[in-house]
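Everything below concerns the one structure shown next.
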Number of protein chains: 2
Amino acid sequence: MADVSKRHAYLLDESDLPTTWYNVIPDLPSPPPPPLHPGTHEPVGPDDLAPLFPMDLIMQEVSQDSYVEIPGDVLEVYRQWRPSPLYRAHRLEKALGTPARIYYKYEGVSPAGSHKPNTAVPQAYYNAKAGTKKLTTETGAGQWGTALALACAWYDLECEVWQVGASYDQKPYRRMMIEAFGAKVHRSPSNLTDAGRALLAENANHTGSLGIAISEAVEVAAKDPNTRYALGSVLNHVLMHQTVIGEEALMQLKMAGDTPDLIVGCTGGGSNFAGLSFPFLREKLAGRMSPDILAVEPASCPSLTKGVYAYDFGDTAGMTPLLKMHTLGHNFIPDPIHAGGLRYHGMAPLISHVYELGLMDAVAIPQKECFAAAVLFARTEGILPAPEPTHALAATIREALRCKETGEEKVILTALCGHGHFDLASYDSYLSGNMVDLEFDEARLAAGLAGIPTV
Amino acid sequence: MADVSKRHAYLLDESDLPTTWYNVIPDLPSPPPPPLHPGTHEPVGPDDLAPLFPMDLIMQEVSQDSYVEIPGDVLEVYRQWRPSPLYRAHRLEKALGTPARIYYKYEGVSPAGSHKPNTAVPQAYYNAKAGTKKLTTETGAGQWGTALALACAWYDLECEVWQVGASYDQKPYRRMMIEAFGAKVHRSPSNLTDAGRALLAENANHTGSLGIAISEAVEVAAKDPNTRYALGSVLNHVLMHQTVIGEEALMQLKMAGDTPDLIVGCTGGGSNFAGLSFPFLREKLAGRMSPDILAVEPASCPSLTKGVYAYDFGDTAGMTPLLKMHTLGHNFIPDPIHAGGLRYHGMAPLISHVYELGLMDAVAIPQKECFAAAVLFARTEGILPAPEPTHALAATIREALRCKETGEEKVILTALCGHGHFDLASYDSYLSGNMVDLEFDEARLAAGLAGIPTV
């Protein structure tokens, strides 16, 4: 029987919606290293980025302000699903028999089903304001492509999405959803770009990667003055847009009368993780609380735990600025795990910097443990997680079981950044016993690291 | 640009969650005709239903009380997603250029993605309380099977689901989701029941129907004293559990300062429609408001608009009590439209009675118009509707466009009873131009009507 006495959902009124995004940079003990021009290796300036992004977003990318005001128009769109709920996982706690108190911030309530609209909407807004006619982007599993397609529909922008070939083939429903929102979807690598054609010439059935899809979308945007590019993670402004998650969670934990001991999020490019944790990092740096902050990455794409901290390209073709980040090498292609959103060779430069500063930890977890956590979570909490946040759930469960041993009543906060309605083939694979954890390929990693440019 | 000045979401606090379900029967000018025993043709008593349902639900089925208290345990589960949001469709209104004000009550926020958990949870609760070990049920598109699987996981009940063969084959993700929640799914007709084996003997590839799947689930439950049966629509107690939708919508429209002129819902078995409209019908019967109430059914399965009002079986094999309802005949198999949840030969007896009393209207709409409405809705409101509520949306848009002609500022309330995340093949079929509206087969209807028993 469910327990009558305990509150499950902590909901905020729409008047509590944060009106500013939080920029962690001014609060850090040192600033992150700047992006470098791929040709000159000099720090890039706003003008270098102007072919790809509208100036409002470039100014946010380099902002030294702690807070940036959210435009009223964006707030109005946010209000459709924000503030998002914070849930206490009573039924999961009970199933684990843990004294830990587990909270999860659920972003699957957004119309696109993930945290991605938090940045897709302002990116579309600022582009529309600047007169952009079309946005291009990449997508892996499809969460980002869905969010941007929808945001473009709302702001009357055309939208073209390059979807990683493997996901395009495996998850047709995501393509269909992006198309239902009115965007065009191309299987990447495509014959529409130089970058794509070069790869297809090598291998006509190339299954692609996020780095390749980025190269294609960037190439198309760079060539057309009416077209700009939108990135779903990695960059400072994208991470900043996601901080509404953590700002709300701060208020909601206060409602619950709890202070977090541990904050856990999954990391691909890092936007969901940063969105949840940076507002808490601010509190930690100010001495108002002292949570441990833990990033969880897939064992098959461990940029923080097995990568190097170096300047590398954000894409495979080497067209983007050089970013100082934890990277497996821009040519590294991870195994085709189901968490397509975590299959990126690098980590957000800002998260890499925070990691180097020793302000957070990281761990890599293999896929099967993540799906075991996901099934337990689904059957207790009732929400089917996307493969990406199952990594954070697996780490949460590890810690909750440790608390069971020690008796610690730790308060754990995690981010359930999206639902898994389009990932059921993954669940089927797990439940039917067909999922395998491939051994990590050290030789492939060595080759990836060897491809990192010398700066 | 989205409009900053207008409120999109009307949200209630969890303290506003209704604590009673509403039973419309005592407020009607005459009571609905009773169900009859299939053998004796005498009214069935509670004991006749005991092999299938726990006594608490049987008492609700025959209740003459206007309100039934919602158990605290059920309220606690409801609070995960209830009160559900009421949205004002500003962006859709703008796209239509209508002076009408369109509101939609969105039930897709539930963990199963539809209104179905509103009754699955209490049904599982009362069964667990009565010592039931296993529940059987049927499902078409899978919304009901998903909801019951989840409710059974929460109350430690086994769950076995017979899914209509056509949907089982076309929508594997729904099966996988039901399995992820821990239930067993059988393709119907199956070789596990007499009813199924008889049909497979005629046609080894039989694609099934809701009526057949009900026969199978009822047969299995009736044979095992520890197993009971759960129905996702049609019966009085199921409709009553759904009235939380309308009770909340009443409060939310009050927040918005509006009184509805028209209430529109889709009808399959009728539970979503009744859940939205019966609380408003109470207000109408009491003279406190005067909305028109409109049921929308698919042109290919038009029980209200082309059926007869007669006693008929709820299932295909003729095992259920005889129900006085609008029916196309229990042997009628509708065309395989994508709205699997609306492919039922009959209508809830209580809705049929209300329709006969002249308290509501009905209209049938073909599939392509519904999907055109769905795509416009998705691109404006951002939510991808399930194929079932697209029928209500199509009727809403018809009325909103009529208001555009006349200048009427009508207030329209509709029910968006679920999301379409598992129905994207339908959208793909529509967007690629492959969807066709089959002509209604009058000969098949005549054969269906001829199969209705003489009572």
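Every chain in the structure tokens takes a letter, A first, then B, and so on in the order presented; its residues are numbered from 1, and the ligands are numbered from 1 following the presented order.
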
Counting only C-alpha atoms, collect the residues of chain B whose closest atom lies at most 6 Å from chain A, and write them out as a count of residues only.
17

Where does DSSP see strand (DSSP E) in region 24-119 of chain B, if you list the residues as a ChimeraX atom specification?
/B:67-69,86-88,101-106

Since we have the selection now, will you write its residues out, keeping N, CA and C atoms, as a short mmCIF file (atom, residue, chain, number, x, y, z; two decimals), in the first residue's frame?
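Saved the output as result-v9.cif:
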```
data_model
loop_
_atom_site.label_atom_id
_atom_site.label_comp_id
_atom_site.auth_asym_id
_atom_site.auth_seq_id
_atom_site.Cartn_x
_atom_site.Cartn_y
_atom_site.Cartn_z
N TYR B 67 -22.04 11.36 -3.99
CA TYR B 67 -20.59 11.46 -3.83
C TYR B 67 -20.05 10.24 -3.11
N VAL B 68 -18.90 9.77 -3.55
CA VAL B 68 -18.23 8.64 -2.91
C VAL B 68 -16.84 9.13 -2.50
N GLU B 69 -16.49 8.90 -1.26
CA GLU B 69 -15.21 9.39 -0.74
C GLU B 69 -14.04 8.67 -1.42
N LEU B 86 -5.03 22.73 -16.39
CA LEU B 86 -5.94 23.23 -17.42
C LEU B 86 -5.18 24.31 -18.18
N TYR B 87 -5.15 24.19 -19.49
CA TYR B 87 -4.43 25.16 -20.31
C TYR B 87 -5.40 25.98 -21.17
N ARG B 88 -5.08 27.24 -21.32
CA ARG B 88 -5.77 28.06 -22.32
C ARG B 88 -4.94 27.98 -23.59
N ARG B 101 -12.62 31.26 -26.93
CA ARG B 101 -11.59 30.98 -25.92
C ARG B 101 -11.58 29.48 -25.69
N ILE B 102 -10.44 28.85 -26.01
CA ILE B 102 -10.34 27.39 -25.96
C ILE B 102 -9.50 26.98 -24.76
N TYR B 103 -10.07 26.13 -23.92
CA TYR B 103 -9.35 25.55 -22.77
C TYR B 103 -9.25 24.04 -22.96
N TYR B 104 -8.11 23.49 -22.56
CA TYR B 104 -8.03 22.02 -22.57
C TYR B 104 -7.46 21.50 -21.27
N LYS B 105 -8.11 20.47 -20.78
CA LYS B 105 -7.70 19.81 -19.54
C LYS B 105 -6.78 18.67 -19.97
N TYR B 106 -5.53 18.70 -19.47
CA TYR B 106 -4.52 17.77 -19.99
C TYR B 106 -4.22 16.65 -19.00
#
```

Could you please determine the separation between CA of Gly287 (chain A) and CA of Glu356 (chain A) in Å, to one decimal place?
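For CA of Gly287 (chain A) relative to CA of Glu356 (chain A), the distance reads 19.9 Å.
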
Restricting the calculation to only C-alpha atoms: of A:Gly131, A:Lys368, A:Ser167, A:Val411, which residue gets closest to Gly257 (chain A)?
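Of all the options, A:Val411 lies closest to Gly257 (chain A).
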